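Next comes coords-v2.csv, a file with CSV, C-alpha atoms and all ligand atoms.
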```csv
chain,number,residue,atom,x,y,z
A,217,MET,CA,21.9,65.0,-135.9
A,218,LEU,CA,24.7,62.9,-134.5
A,219,VAL,CA,28.2,64.3,-135.2
A,220,LEU,CA,31.3,62.1,-135.0
A,221,SER,CA,34.2,64.2,-133.8
A,222,GLY,CA,37.8,64.5,-133.0
A,223,GLY,CA,39.3,67.5,-131.2
A,224,THR,CA,39.9,70.3,-133.7
A,225,GLY,CA,38.3,70.3,-137.1
A,226,THR,CA,34.8,69.1,-136.1
A,227,PRO,CA,34.8,71.4,-133.0
A,228,LYS,CA,35.3,74.3,-135.3
A,229,LEU,CA,32.1,73.2,-137.1
A,230,LEU,CA,30.3,72.6,-133.8
A,231,LEU,CA,31.0,76.2,-132.9
A,232,GLY,CA,28.7,77.2,-135.8
A,233,LEU,CA,26.2,74.3,-135.5
A,234,LYS,CA,25.5,75.0,-131.9
A,235,GLU,CA,24.1,78.5,-132.8
A,236,LEU,CA,21.8,77.0,-135.5
A,237,LEU,CA,20.4,73.9,-133.9
A,238,ARG,CA,18.6,73.4,-130.6
A,239,PRO,CA,20.6,71.4,-128.1
A,240,GLU,CA,18.3,68.4,-128.5
A,241,GLU,CA,19.0,68.5,-132.2
A,242,LEU,CA,22.8,68.2,-131.8
A,243,SER,CA,24.6,65.2,-130.2
A,244,VAL,CA,28.3,64.4,-130.5
A,245,VAL,CA,30.2,61.2,-130.2
A,246,VAL,CA,33.9,61.8,-129.6
A,247,ASN,CA,37.1,59.8,-130.2
A,248,THR,CA,38.9,58.7,-127.0
A,249,ALA,CA,41.8,56.9,-128.6
A,250,GLU,CA,44.2,59.8,-127.7
A,251,ASP,CA,43.3,59.7,-124.0
A,252,LEU,CA,46.0,59.2,-121.3
A,253,TRP,CA,46.7,59.6,-117.6
A,254,ILE,CA,48.9,62.5,-116.6
A,255,SER,CA,50.0,63.4,-113.0
A,256,GLY,CA,47.3,61.1,-111.7
A,257,ASN,CA,44.4,62.4,-113.8
A,258,TYR,CA,42.6,61.1,-116.9
A,259,ILE,CA,42.9,63.5,-119.9
A,260,SER,CA,40.5,63.1,-122.8
A,261,PRO,CA,41.7,65.8,-125.2
A,262,ASP,CA,39.0,65.4,-127.8
A,263,LEU,CA,36.1,65.1,-125.4
A,264,ASP,CA,37.4,68.2,-123.6
A,265,SER,CA,37.8,70.2,-126.8
A,266,VAL,CA,34.2,69.3,-127.7
A,267,LEU,CA,32.8,70.2,-124.2
A,268,TYR,CA,34.8,73.4,-124.1
A,269,THR,CA,33.5,74.4,-127.5
A,270,LEU,CA,29.9,73.8,-126.6
A,271,ALA,CA,30.4,75.6,-123.3
A,272,ASP,CA,32.0,78.5,-125.1
A,273,MET,CA,35.2,78.0,-123.1
A,274,ILE,CA,37.6,76.7,-125.8
A,275,ASP,CA,40.9,78.4,-126.6
A,276,GLU,CA,40.1,79.2,-130.2
A,277,LYS,CA,43.8,79.8,-131.0
A,278,LYS,CA,45.0,76.3,-130.1
A,279,TRP,CA,41.7,74.4,-130.2
A,280,TRP,CA,42.7,72.6,-126.9
A,281,GLY,CA,42.5,73.9,-123.4
A,282,ILE,CA,40.4,76.7,-121.8
A,283,LYS,CA,40.7,80.3,-123.1
A,284,GLY,CA,42.6,82.5,-120.6
A,285,ASP,CA,43.7,79.5,-118.6
A,286,LYS,CA,47.0,79.7,-116.6
A,287,THR,CA,49.6,77.0,-116.1
A,288,LEU,CA,50.7,77.7,-112.5
A,289,THR,CA,50.5,74.1,-111.4
A,290,HIS,CA,52.2,72.8,-114.5
A,291,ASP,CA,55.0,75.3,-114.2
A,292,SER,CA,55.5,74.5,-110.5
A,293,LEU,CA,55.7,70.8,-111.3
A,294,ILE,CA,58.3,71.5,-114.0
A,295,ALA,CA,60.3,73.6,-111.5
A,296,MET,CA,60.2,70.7,-109.1
A,297,GLY,CA,61.6,68.3,-111.7
A,298,ILE,CA,58.4,66.6,-112.8
A,299,LYS,CA,58.2,66.6,-116.6
A,300,GLU,CA,54.5,66.6,-117.4
A,301,LYS,CA,54.1,65.3,-121.0
A,302,LEU,CA,51.4,67.9,-121.8
A,303,GLN,CA,51.2,71.5,-120.8
A,304,VAL,CA,48.0,71.2,-118.7
A,305,GLY,CA,46.2,74.5,-117.8
A,306,ASP,CA,45.0,75.0,-114.2
A,307,ARG,CA,41.2,75.2,-115.0
A,308,ASP,CA,41.7,72.4,-117.5
A,309,ARG,CA,43.3,70.3,-114.7
A,310,ALA,CA,40.2,70.9,-112.5
A,311,VAL,CA,38.1,69.3,-115.2
A,312,HIS,CA,40.5,66.4,-115.4
A,313,ILE,CA,40.3,66.0,-111.6
A,314,PHE,CA,36.5,66.1,-111.7
A,315,ARG,CA,36.4,63.3,-114.3
A,316,SER,CA,39.2,61.3,-112.6
A,317,GLU,CA,37.5,61.3,-109.2
A,318,LEU,CA,34.4,59.7,-110.7
A,319,LEU,CA,36.5,57.2,-112.7
A,320,ARG,CA,38.4,56.3,-109.5
A,321,ARG,CA,35.0,55.6,-107.8
A,322,GLY,CA,34.2,53.1,-110.6
A,323,VAL,CA,32.0,55.4,-112.7
A,324,LYS,CA,32.1,54.7,-116.4
A,325,LEU,CA,33.7,57.3,-118.7
A,326,SER,CA,30.4,58.0,-120.5
A,327,HIS,CA,28.6,58.7,-117.2
A,328,ALA,CA,31.5,60.8,-115.9
A,329,SER,CA,31.3,62.8,-119.2
A,330,GLN,CA,27.6,63.3,-118.7
A,331,ALA,CA,28.2,64.7,-115.2
A,332,LEU,CA,31.0,66.9,-116.5
A,333,ALA,CA,28.8,68.2,-119.4
A,334,GLU,CA,26.1,69.1,-116.9
A,335,SER,CA,28.5,70.9,-114.6
A,336,LEU,CA,29.9,73.0,-117.5
A,337,GLY,CA,26.3,73.8,-118.6
A,338,VAL,CA,26.5,71.9,-121.9
A,339,LYS,CA,23.0,71.0,-123.0
A,340,GLN,CA,23.9,68.9,-126.0
A,341,ARG,CA,24.6,65.2,-125.5
A,342,VAL,CA,28.4,64.6,-125.6
A,343,VAL,CA,29.4,61.0,-125.5
A,344,PRO,CA,32.7,59.2,-125.6
A,345,MET,CA,32.9,56.5,-128.3
A,346,THR,CA,33.5,53.8,-125.7
A,347,ASP,CA,33.9,53.1,-122.0
A,348,ASP,CA,36.8,50.8,-122.8
A,349,ILE,CA,40.5,51.8,-123.0
A,350,VAL,CA,41.7,52.4,-126.6
A,351,SER,CA,45.2,53.9,-127.3
A,352,THR,CA,46.6,55.1,-130.5
A,353,VAL,CA,50.2,53.8,-130.8
A,354,VAL,CA,52.6,55.0,-133.4
A,355,SER,CA,55.5,52.9,-134.6
A,356,THR,CA,58.6,54.9,-135.5
A,357,PRO,CA,62.4,54.3,-136.0
A,358,GLU,CA,62.7,55.9,-132.5
A,359,GLY,CA,60.4,53.3,-131.0
A,360,VAL,CA,56.8,52.5,-130.5
A,361,MET,CA,55.0,55.3,-128.6
A,362,HIS,CA,51.6,56.7,-127.5
A,363,PHE,CA,50.1,59.2,-129.9
A,364,GLN,CA,50.7,62.1,-127.5
A,365,GLU,CA,54.4,61.2,-127.1
A,366,PHE,CA,54.7,61.2,-130.9
A,367,TRP,CA,52.6,64.4,-131.5
A,368,VAL,CA,53.5,66.6,-128.5
A,369,GLY,CA,56.6,64.9,-127.0
A,370,ARG,CA,58.4,64.6,-130.4
A,371,ARG,CA,56.5,67.3,-132.3
A,372,GLY,CA,55.2,64.8,-134.9
A,373,LEU,CA,58.7,64.6,-136.4
A,374,PRO,CA,59.6,60.9,-136.4
A,375,GLU,CA,59.0,58.8,-139.5
A,376,VAL,CA,55.8,56.8,-139.1
A,377,ARG,CA,56.2,53.1,-140.0
A,378,ASP,CA,52.9,51.9,-138.7
A,379,LEU,CA,50.0,52.9,-136.5
A,380,PHE,CA,47.6,50.9,-134.5
A,381,PHE,CA,44.9,51.2,-131.9
A,382,ALA,CA,45.6,49.1,-128.8
A,383,GLY,CA,42.4,47.7,-127.2
A,384,LEU,CA,40.2,48.6,-130.2
A,385,ASP,CA,39.3,45.1,-131.2
A,386,ALA,CA,37.9,44.3,-127.8
A,387,ALA,CA,36.3,47.7,-127.2
A,388,LEU,CA,32.5,48.2,-127.5
A,389,PRO,CA,30.7,51.4,-128.3
A,390,CYS,CA,29.2,52.7,-125.1
A,391,GLN,CA,25.5,52.4,-124.5
A,392,ALA,CA,24.9,56.1,-125.0
A,393,PHE,CA,26.5,55.9,-128.4
A,394,LEU,CA,24.4,52.9,-129.4
A,395,ASP,CA,21.2,54.8,-128.1
A,396,LEU,CA,22.1,57.8,-130.3
A,397,LEU,CA,22.7,55.5,-133.3
A,398,GLU,CA,19.3,54.1,-132.7
A,399,LYS,CA,17.6,57.5,-132.4
A,400,GLU,CA,19.3,59.7,-135.0
A,401,ASP,CA,18.7,59.5,-138.8
A,402,THR,CA,21.4,61.8,-139.9
A,403,ILE,CA,25.1,61.1,-139.1
A,404,LEU,CA,27.6,63.8,-139.8
A,405,ILE,CA,31.2,62.7,-140.0
A,406,GLY,CA,32.9,66.0,-139.1
A,407,PRO,CA,36.1,67.4,-140.7
A,408,SER,CA,38.4,65.4,-138.4
A,409,ASN,CA,41.5,63.3,-138.9
A,410,PRO,CA,40.2,60.2,-140.8
A,411,VAL,CA,42.9,57.9,-139.3
A,412,THR,CA,43.2,58.9,-135.6
A,413,SER,CA,39.8,60.6,-134.9
A,414,ILE,CA,37.1,59.1,-137.2
A,415,GLY,CA,38.9,55.8,-137.8
A,416,PRO,CA,38.6,54.4,-134.2
A,417,ILE,CA,34.9,55.5,-133.9
A,418,LEU,CA,33.9,53.8,-137.1
A,419,ALA,CA,35.9,50.7,-136.3
A,420,LEU,CA,34.1,50.0,-133.1
A,421,GLN,CA,32.0,46.8,-133.2
A,422,GLY,CA,28.7,47.3,-135.0
A,423,VAL,CA,29.0,50.9,-135.8
A,424,ARG,CA,29.5,50.7,-139.6
A,425,GLU,CA,26.6,48.2,-139.8
A,426,ARG,CA,24.3,50.6,-138.0
A,427,LEU,CA,25.1,53.4,-140.5
A,428,ALA,CA,23.6,51.3,-143.3
A,429,ASP,CA,20.1,52.8,-143.1
A,430,LYS,CA,21.2,56.4,-142.1
A,431,MET,CA,21.8,59.5,-144.1
A,432,VAL,CA,25.6,59.8,-143.7
A,433,VAL,CA,27.1,63.1,-144.5
A,434,ALA,CA,30.9,63.7,-144.3
A,435,MET,CA,33.0,66.9,-144.5
A,436,SER,CA,36.6,66.4,-145.6
A,437,PRO,CA,39.4,67.8,-143.3
A,438,PHE,CA,41.5,68.5,-146.4
A,439,ILE,CA,41.6,71.9,-148.1
A,440,GLY,CA,43.4,72.2,-151.5
A,441,ASN,CA,44.6,68.6,-151.1
A,442,LYS,CA,46.3,69.3,-147.7
A,443,PRO,CA,45.0,69.0,-144.2
A,444,VAL,CA,44.6,72.3,-142.4
A,445,SER,CA,46.6,71.1,-139.5
A,446,GLY,CA,47.8,67.9,-137.7
A,447,PRO,CA,49.3,64.6,-138.8
A,448,ALA,CA,46.5,63.3,-141.1
A,449,ALA,CA,48.6,63.3,-144.3
A,450,LYS,CA,51.6,61.6,-142.6
A,451,PHE,CA,49.4,58.9,-141.1
A,452,MET,CA,47.5,58.3,-144.3
A,453,THR,CA,50.8,57.9,-146.2
A,454,ALA,CA,52.0,55.4,-143.6
A,455,MET,CA,48.8,53.4,-144.2
A,456,ASN,CA,49.2,53.5,-148.0
A,457,VAL,CA,46.2,55.7,-148.4
A,458,PRO,CA,46.7,58.8,-150.7
A,459,PRO,CA,46.8,61.9,-148.5
A,460,ASN,CA,44.0,63.8,-150.3
A,461,ASP,CA,40.2,63.7,-150.6
A,462,GLU,CA,40.2,60.4,-152.5
A,463,GLY,CA,42.0,58.9,-149.6
A,464,VAL,CA,39.7,60.4,-147.0
A,465,ARG,CA,36.6,59.2,-149.0
A,466,SER,CA,38.1,55.7,-149.3
A,467,MET,CA,38.6,55.5,-145.5
A,468,LEU,CA,35.1,56.5,-144.6
A,469,GLY,CA,33.0,53.7,-146.2
A,470,LYS,CA,29.3,54.5,-146.6
A,471,VAL,CA,28.8,58.2,-147.3
A,472,ASP,CA,25.7,59.6,-148.9
A,473,LEU,CA,26.8,63.2,-149.2
A,474,PHE,CA,30.5,64.0,-149.3
A,475,LEU,CA,31.5,67.6,-148.9
A,476,VAL,CA,34.9,68.9,-150.0
A,477,ASP,CA,36.4,72.3,-150.1
A,478,LYS,CA,36.1,74.4,-153.3
A,479,LYS,CA,39.8,74.1,-153.8
A,480,SER,CA,39.7,70.3,-153.9
A,481,SER,CA,40.6,68.4,-157.1
A,482,TYR,CA,38.5,65.4,-156.0
A,483,GLN,CA,36.9,63.8,-159.1
A,484,GLY,CA,34.2,61.6,-157.4
A,485,GLU,CA,30.6,62.4,-156.4
A,486,CYS,CA,30.7,65.3,-154.0
A,487,ARG,CA,29.4,68.8,-153.2
A,488,ARG,CA,31.9,71.6,-153.1
A,489,MET,CA,31.7,74.5,-150.6
A,490,SER,CA,34.2,76.6,-148.7
A,491,THR,CA,35.0,74.5,-145.6
A,492,LEU,CA,37.8,76.7,-144.1
A,493,MET,CA,36.9,77.9,-140.5
A,494,ARG,CA,39.5,80.4,-139.3
A,495,THR,CA,37.0,82.5,-137.3
A,496,ARG,CA,33.6,82.2,-135.6
A,497,ARG,CA,32.1,83.9,-138.5
A,498,GLU,CA,33.5,81.3,-140.9
A,499,SER,CA,32.3,78.5,-138.6
A,500,GLY,CA,28.9,80.0,-138.7
A,501,LYS,CA,28.9,80.3,-142.5
A,502,VAL,CA,30.2,76.7,-143.1
A,503,ALA,CA,27.6,75.3,-140.6
A,504,LYS,CA,24.7,77.2,-142.3
A,505,GLU,CA,25.7,76.0,-145.8
A,506,LEU,CA,26.1,72.5,-144.5
A,507,LEU,CA,22.6,72.4,-143.0
A,508,GLU,CA,21.2,73.8,-146.2
A,509,LEU,CA,22.9,71.1,-148.3
A,510,ILE,CA,21.6,68.4,-145.9
A,511,SER,CA,18.0,69.7,-146.1
A,512,ALA,CA,18.2,69.9,-149.9
A,513,ALA,CA,19.7,66.3,-150.2
A,601,LIG,P1,42.5,66.3,-133.3
A,601,LIG,O1,41.7,65.3,-132.5
A,601,LIG,O2,43.0,67.5,-132.6
A,601,LIG,O3,43.5,65.6,-134.2
A,601,LIG,O4,41.5,67.0,-134.2
A,601,LIG,P2,40.5,66.5,-135.4
A,601,LIG,O5,40.8,65.1,-135.9
A,601,LIG,O6,39.1,66.8,-135.0
A,601,LIG,O7,40.8,67.5,-136.5
A,601,LIG,C1,42.0,67.5,-137.2
A,601,LIG,C2,41.7,67.7,-138.6
A,601,LIG,O8,40.9,68.9,-138.7
A,601,LIG,C3,42.9,68.0,-139.5
A,601,LIG,O9,43.0,66.9,-140.4
A,601,LIG,C4,42.6,69.3,-140.2
A,601,LIG,O10,42.9,69.3,-141.6
A,601,LIG,C5,41.1,69.5,-140.0
A,601,LIG,N1,40.7,70.9,-139.9
A,601,LIG,C6,41.2,71.8,-139.0
A,601,LIG,N2,40.6,73.0,-139.3
A,601,LIG,C7,39.8,72.8,-140.4
A,601,LIG,C8,38.9,73.7,-141.1
A,601,LIG,O11,38.8,74.9,-140.9
A,601,LIG,N3,38.2,73.2,-142.2
A,601,LIG,C9,38.4,71.8,-142.5
A,601,LIG,N4,37.6,71.4,-143.5
A,601,LIG,N5,39.1,71.0,-141.8
A,601,LIG,C10,39.8,71.5,-140.7
A,602,LIG,N1,49.0,69.8,-127.6
A,602,LIG,C1,50.2,70.2,-127.8
A,602,LIG,O1,50.7,70.3,-128.9
A,602,LIG,N2,51.0,70.6,-126.6
A,602,LIG,C2,50.5,70.5,-125.4
A,602,LIG,O2,51.2,70.8,-124.4
A,602,LIG,C3,49.2,70.0,-125.2
A,602,LIG,C4,48.6,69.9,-124.0
A,602,LIG,C5,47.2,69.5,-123.9
A,602,LIG,C6,46.6,69.5,-122.6
A,602,LIG,C7,45.3,69.1,-122.5
A,602,LIG,C8,44.6,68.7,-123.7
A,602,LIG,O3,43.3,68.3,-123.6
A,602,LIG,C9,45.2,68.8,-124.9
A,602,LIG,C10,46.5,69.2,-125.0
A,602,LIG,N3,47.1,69.2,-126.3
A,602,LIG,C11,48.4,69.7,-126.4
A,602,LIG,C12,46.4,68.8,-127.5
A,602,LIG,C13,46.5,67.3,-127.7
A,602,LIG,O4,47.8,66.8,-127.9
A,602,LIG,C14,45.6,66.8,-128.8
A,602,LIG,O5,45.2,65.5,-128.6
A,602,LIG,C15,46.3,66.8,-130.1
A,602,LIG,O6,46.6,68.0,-130.4
A,602,LIG,C16,45.5,66.1,-131.2
A,602,LIG,O7,44.2,65.8,-130.8
```

Now, as a test, write the supplied structure out as structure tokens.
Amino acid sequence: MLVLSGGTGTPKLLLGLKELLRPEELSVVVNTAEDLWISGNYISPDLDSVLYTLADMIDEKKWWGIKGDKTLTHDSLIAMGIKEKLQVGDRDRAVHIFRSELLRRGVKLSHASQALAESLGVKQRVVPMTDDIVSTVVSTPEGVMHFQEFWVGRRGLPEVRDLFFAGLDAALPCQAFLDLLEKEDTILIGPSNPVTSIGPILALQGVRERLADKMVVAMSPFIGNKPVSGPAAKFMTAMNVPPNDEGVRSMLGKVDLFLVDKKSSYQGECRRMSTLMRTRRESGKVAKELLELISAA
């Protein structure tokens, strides 16, 4: 199975799936449109969340960073007057340095990610959507800014007038993504932000066309007509898409099995199940039911 992922909702599901599927049965393609350079290092928040989840290192309270990590370097930099945009953990930073050293030597992001996965003991394939640079840019009355400036720097508060993905038109899916699309018959669109996480992956050249003969399963990130967390509703509204399961479904395109939460008022063709994953136990239950529904489909 090939899973399309952002950095929070889908990793919660991967936490359950990794216990039920053999590593060779589970591959993940990850959004990179929220990536940025900080203090000289390349940070790929969604890739890191997926890697940390599969390596059992993720901080399950925040769903970013490494559990038990400290911020000695970040705190020292702040004390020295360097305002790092994100609070980067010390062990997290070591991962960024590992990746960035490879990038500085001219290694592609997908190859650097493979090396990183191996060094963290991750057996599943974890692949960035592209080796090209794509950046989510949010247009607000306070100016046009990178996603992380909007979401972390300004706590997601400014009104969103528009949103676009700089570099996306020219970006190509990386070779490893294309190989996985060739090999896998089942594609799972995880419960991730349909605008900022799934949107860029599906918009890459040739991706939608390659889904035509696949079994495409999608789990909605909405529960009771609201996202569990994050700016999905605000971004969907800005794009004139209703912020609910109808809106999610309309953004995804071809889907053969659409899974919504029991509390959803979605009227279209779908299967209902509990999709809330607050604990490892819930992640396990949701993953198990999902696999059963896929086998029965
Ligand atoms: P990001 O990269 O951190 O924005 O993370 P994602 O795009 O992967 O995930 C954000 C989305 O996950 C939000 O729209 C949430 O509603 C959704 N989400 C978070 N937790 C859950 C959950 O337990 N169940 C479901 N169905 N969706 C969730
Ligand atoms: N999110 C925050 O809200 N505050 C932070 O200080 C922060 C630091 C951070 C460092 C590394 C990393 O991989 C992710 C980090 N995030 C932080 C999460 C990041 O902003 C995510 O991209 C978004 O939460 C949505 O994907």

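Across A:Trp253, A:Tyr268, A:Phe474, A:Trp280, the tightest approach to ligand LIG 602 (chain A) is made by A:Trp280 when counting all atoms listed in the file.
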
Using only C-alpha atoms, the shortest atom-to-atom distance to Val266 (chain A) among A:Val343, A:Met489, A:Ile403, A:Ile294 belongs to A:Val343

What gap, in Å, lies between CA of Ile282 (chain A) and atom N5 of ligand LIG 601 (chain A)?
->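 These two atoms are separated by 20.8 Å.
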
Spatial sel., origin (29.4, 62.3, -131.4), limit 9 Å, all atoms listed in the file, listed as a PyMOL selection string | chain A and resi 218-222+242-247+341-345+393+396+403-405

For those residues, write C-alpha atoms to a file as a compact mmCIF listing (two decimals), keeping the file's coordinate frame.
```txt
# COMPACT_ATOMS: atom_id res chain seq x y z
CA LEU A 218 24.70 62.90 -134.50
CA VAL A 219 28.20 64.30 -135.20
CA LEU A 220 31.30 62.10 -135.00
CA SER A 221 34.20 64.20 -133.80
CA GLY A 222 37.80 64.50 -133.00
CA LEU A 242 22.80 68.20 -131.80
CA SER A 243 24.60 65.20 -130.20
CA VAL A 244 28.30 64.40 -130.50
CA VAL A 245 30.20 61.20 -130.20
CA VAL A 246 33.90 61.80 -129.60
CA ASN A 247 37.10 59.80 -130.20
CA ARG A 341 24.60 65.20 -125.50
CA VAL A 342 28.40 64.60 -125.60
CA VAL A 343 29.40 61.00 -125.50
CA PRO A 344 32.70 59.20 -125.60
CA MET A 345 32.90 56.50 -128.30
CA PHE A 393 26.50 55.90 -128.40
CA LEU A 396 22.10 57.80 -130.30
CA ILE A 403 25.10 61.10 -139.10
CA LEU A 404 27.60 63.80 -139.80
CA ILE A 405 31.20 62.70 -140.00
```

Box centre and edge lengths (Å, one decimal), axis-aligned, region 336-348 of chain A plus 6 Å each side, as AutoDock Vina command-line options:
```
--center_x 29.9 --center_y 62.3 --center_z -122.9 --size_x 25.8 --size_y 35.0 --size_z 22.8
```

Residues within 6 Å of ligand LIG 601 (chain A) should be enumerated using all atoms listed in the file and returned as a ChimeraX atom specification.
-> /A:221-226,262,407-409,413,436-438,443-446,448,491-494

Supply region 327-335 of chain A as a PDB file, in the coordinates of the input, with all heavy atoms built in where the input has gaps.
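Everything below was put into part_5.pdb:
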```
ATOM      1  N   HIS A 327      29.399  58.061-118.230  1.00  0.00           N
ATOM      2  CA  HIS A 327      28.600  58.700-117.200  1.00  0.00           C
ATOM      3  C   HIS A 327      29.344  59.872-116.576  1.00  0.00           C
ATOM      4  O   HIS A 327      28.745  60.909-116.270  1.00  0.00           O
ATOM      5  CB  HIS A 327      28.259  57.646-116.083  1.00  0.00           C
ATOM      6  CG  HIS A 327      27.376  56.537-116.594  1.00  0.00           C
ATOM      7  ND1 HIS A 327      27.250  55.322-115.976  1.00  0.00           N
ATOM      8  CD2 HIS A 327      26.582  56.473-117.695  1.00  0.00           C
ATOM      9  CE1 HIS A 327      26.422  54.549-116.680  1.00  0.00           C
ATOM     10  NE2 HIS A 327      26.001  55.237-117.724  1.00  0.00           N
ATOM     11  N   ALA A 328      30.665  59.714-116.438  1.00  0.00           N
ATOM     12  CA  ALA A 328      31.500  60.800-115.900  1.00  0.00           C
ATOM     13  C   ALA A 328      31.386  62.018-116.899  1.00  0.00           C
ATOM     14  O   ALA A 328      31.319  63.182-116.481  1.00  0.00           O
ATOM     15  CB  ALA A 328      32.920  60.390-115.750  1.00  0.00           C
ATOM     16  N   SER A 329      31.360  61.723-118.209  1.00  0.00           N
ATOM     17  CA  SER A 329      31.300  62.800-119.200  1.00  0.00           C
ATOM     18  C   SER A 329      29.952  63.513-119.137  1.00  0.00           C
ATOM     19  O   SER A 329      29.883  64.733-119.313  1.00  0.00           O
ATOM     20  CB  SER A 329      31.437  62.214-120.625  1.00  0.00           C
ATOM     21  OG  SER A 329      32.644  61.529-120.719  1.00  0.00           O
ATOM     22  N   GLN A 330      28.901  62.734-118.860  1.00  0.00           N
ATOM     23  CA  GLN A 330      27.600  63.300-118.700  1.00  0.00           C
ATOM     24  C   GLN A 330      27.542  64.291-117.530  1.00  0.00           C
ATOM     25  O   GLN A 330      27.053  65.433-117.635  1.00  0.00           O
ATOM     26  CB  GLN A 330      26.543  62.189-118.536  1.00  0.00           C
ATOM     27  CG  GLN A 330      25.104  62.618-118.372  1.00  0.00           C
ATOM     28  CD  GLN A 330      24.557  63.246-119.646  1.00  0.00           C
ATOM     29  OE1 GLN A 330      25.062  62.990-120.736  1.00  0.00           O
ATOM     30  NE2 GLN A 330      23.559  64.094-119.503  1.00  0.00           N
ATOM     31  N   ALA A 331      28.129  63.842-116.414  1.00  0.00           N
ATOM     32  CA  ALA A 331      28.200  64.700-115.200  1.00  0.00           C
ATOM     33  C   ALA A 331      28.999  65.947-115.481  1.00  0.00           C
ATOM     34  O   ALA A 331      28.633  67.052-115.068  1.00  0.00           O
ATOM     35  CB  ALA A 331      28.780  63.894-114.043  1.00  0.00           C
ATOM     36  N   LEU A 332      30.085  65.774-116.213  1.00  0.00           N
ATOM     37  CA  LEU A 332      31.000  66.900-116.500  1.00  0.00           C
ATOM     38  C   LEU A 332      30.231  67.899-117.444  1.00  0.00           C
ATOM     39  O   LEU A 332      30.286  69.119-117.220  1.00  0.00           O
ATOM     40  CB  LEU A 332      32.206  66.351-117.247  1.00  0.00           C
ATOM     41  CG  LEU A 332      33.419  67.238-117.391  1.00  0.00           C
ATOM     42  CD1 LEU A 332      33.789  67.877-116.074  1.00  0.00           C
ATOM     43  CD2 LEU A 332      34.585  66.393-117.928  1.00  0.00           C
ATOM     44  N   ALA A 333      29.545  67.371-118.453  1.00  0.00           N
ATOM     45  CA  ALA A 333      28.800  68.200-119.400  1.00  0.00           C
ATOM     46  C   ALA A 333      27.785  69.067-118.581  1.00  0.00           C
ATOM     47  O   ALA A 333      27.671  70.280-118.776  1.00  0.00           O
ATOM     48  CB  ALA A 333      28.100  67.391-120.436  1.00  0.00           C
ATOM     49  N   GLU A 334      27.081  68.410-117.654  1.00  0.00           N
ATOM     50  CA  GLU A 334      26.100  69.100-116.900  1.00  0.00           C
ATOM     51  C   GLU A 334      26.745  70.223-116.024  1.00  0.00           C
ATOM     52  O   GLU A 334      26.263  71.351-115.949  1.00  0.00           O
ATOM     53  CB  GLU A 334      25.328  68.157-115.944  1.00  0.00           C
ATOM     54  CG  GLU A 334      24.181  67.481-116.680  1.00  0.00           C
ATOM     55  CD  GLU A 334      23.658  66.240-115.963  1.00  0.00           C
ATOM     56  OE1 GLU A 334      23.769  66.171-114.716  1.00  0.00           O
ATOM     57  OE2 GLU A 334      23.172  65.333-116.667  1.00  0.00           O
ATOM     58  N   SER A 335      27.889  69.892-115.428  1.00  0.00           N
ATOM     59  CA  SER A 335      28.500  70.900-114.600  1.00  0.00           C
ATOM     60  C   SER A 335      29.073  72.062-115.359  1.00  0.00           C
ATOM     61  O   SER A 335      29.227  73.157-114.832  1.00  0.00           O
ATOM     62  CB  SER A 335      29.636  70.234-113.711  1.00  0.00           C
ATOM     63  OG  SER A 335      30.814  70.179-114.466  1.00  0.00           O
TER      64      SER A 335
END
```
